[in-house]
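Asker: Below you will find the structure I want to go over with you.
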Amino acid sequence: MKRDIGDLALFGGRPSFLRPLHVNTPNNFDRDRLYERLDWALDNRWLSNAGPLVLEFEERVAELAGTKHCIATCNATVALHLLVRAAGLTGEVLMPSLTFSATAHSVRWLGLEPVFCDIDPETGCVDPAEVEAKITERTSAIFAVHLWGQVAAVEELTAIGERHGIPVYFDAAHAIGCTLEGKPVGGFGAAEVFSFHATKMVSAFEGGAITTDDDELAAVLRGLKNFGKGLPEGHEMGGTNGKMSEASAAMGLTSLESYERSLSHNKHNYAAYESELDSIPGVRLFTGTTPETNNQQYAVVEVDEEVTGIGRDLLMQVLRAENVMVIPPIGAPACHEIEPYRRTPVPLPHTERLTARVMALPTGSTVGREQVRRVCDIIRCAVANGPAVRAGQHRSAA
Ligand code: T4K
């Protein structure tokens, strides 16, 4: 147990962890099942192009999302590109700035302009009032994000979309298995996009998917992701290669089978962080308004420097010296604070306040109760010695 400033590795103490403990370490899965599936694909000699494993993966994801269609892709970024093209979007797309750069880049890459909106500070998700206020005649869509598994304000955004005749899409990269009033993420808006990157709750090594109930949109997406094959006559878009491979689908199916186990780990870790942090003033889990329906794949904490005496950045430095490789959570810094978007300054006070205060702690099925306890022990010691840690840091910098 660390008590004094000298116990902290940043000031010469022994690191709490011998090996780096990363954030977003890929979840555990059944390796034998993965190898079986890969063997089967190799024996079958069908490795890509709508193979049986991809079709099965699409079926499973559509079931989970409760939608008619799931179109699997090589990653979520390409899925977003396909959606922009299939929906024929132009001009401006409204979105939160508090998201991974991929949401904004997907739009910009295709020559459209992402227009950033502030968040509701309670949820971290885009504020519907901001969205409505920023609609112009060039607005062709709203891209909302279920940030850190917190489901966005679906009802309000859908109503805004209907009022102004623009479609609403959801970037659901963080939200597989999350729900809103019992309804699973995947079926909201005109379409939703999932990511199955290695670091996500469900991993396909790299992978993505679009879920929708719209038959026409689904058919166009399928054509566009496969070099334009099967698109209706006269369709001018051509196509690209956005297909998922059989190896990725093998991993995706195997990872999906571990979903409940990963979820249970996340819930246990979340509860453990909540109870450990309860006794540390100024550091609290960012829960959003509906934590019970979140898959809790991210353990994001908010640091109130006025109470702790040390800010988020210094606390991260303390933890990293202990081999706890904490990082700012996805979306921090926000898109409008990074290249190429920061060249056009736009004030988003709630976003800026939150991104300066949050960090992501390790969780997932590779992290256990004892590790959570030790991570919180470091935070407790750093906060208890807040002014001394700050002064010590100044001395070592000098
Ligand atoms: N929309 C949103 C809201 C998203 O968050 C994302 C992606 C997308 C769209 C686009 O989805 P994809 O096109 O990727 O399907 C990572 C992921 O590459 C990305 O998928 C994810 N979100 C993003 C938030 O994180 P980086 O560049 O931040 O990853 P990196 O290499 O810095 O690693 C992050 C952490 O994960 C580190 O603590 C190390 C750890 N890690 C990483 C990998 C790859 C591991 O422990 N093992 C690993 O294999 O983008």
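Residues are referred to by chain and number: the chain letter is A, B, ... according to the order shown in the structure tokens, the number counts from 1 in that chain, and ligands are numbered separately from 1 in the order shown.
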Could you tell me, counting only C-alpha atoms and all ligand atoms, which protein and nucleic acid residues lie no more than 9 Å from ligand 1, written as an NGL selection string?

Answerer: :A and (21-26 or 73-80 or 98-104 or 106 or 145-148 or 171-174 or 193-200 or 205-209 or 325-327 or 329-331 or 362)

Asker: Would you list the contacts of Ala191 (chain A) as a ChimeraX atom specification, taking every protein, DNA or RNA residue within 6 Å and counting only C-alpha atoms, but skipping same-chain residues closer than 5 positions in sequence?

Answerer: /A:169,211-212

Asker: Could those residues be written to a file, using C-alpha atoms, as a compact mmCIF listing (two decimals), in the first residue's frame?

Answerer:
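Heads up, here's the output in out-v8.txt:
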# COMPACT_ATOMS: atom_id res chain seq x y z
CA TYR A 169 -27.19 8.15 -38.19
CA THR A 211 -27.08 -2.10 -39.29
CA THR A 212 -30.34 -0.82 -40.76

Asker: Neighbouring residues of Glu137 (chain A) were defined as those with any atom within 12 Å, considering only C-alpha atoms; residues of the same chain fewer than 4 positions away were excluded. Please report them as a PyMOL selection string.

Answerer: chain A and resi 90-93+141+164-166

Asker: Assign secondary structure with DSSP using the backbone only, and return the residues of region 345-381 of chain A in strand (DSSP E or B) as a count of residues only.

Answerer: 4

Asker: Pick out the residues sitting within 10 Å of Ile280 (chain A), and hand them over as a ChimeraX atom specification; count only C-alpha atoms, and ignore anything fewer than 2 positions along from it in its own chain.

Answerer: /A:275-278,282-284,307-308,376-377,379-381,383-384
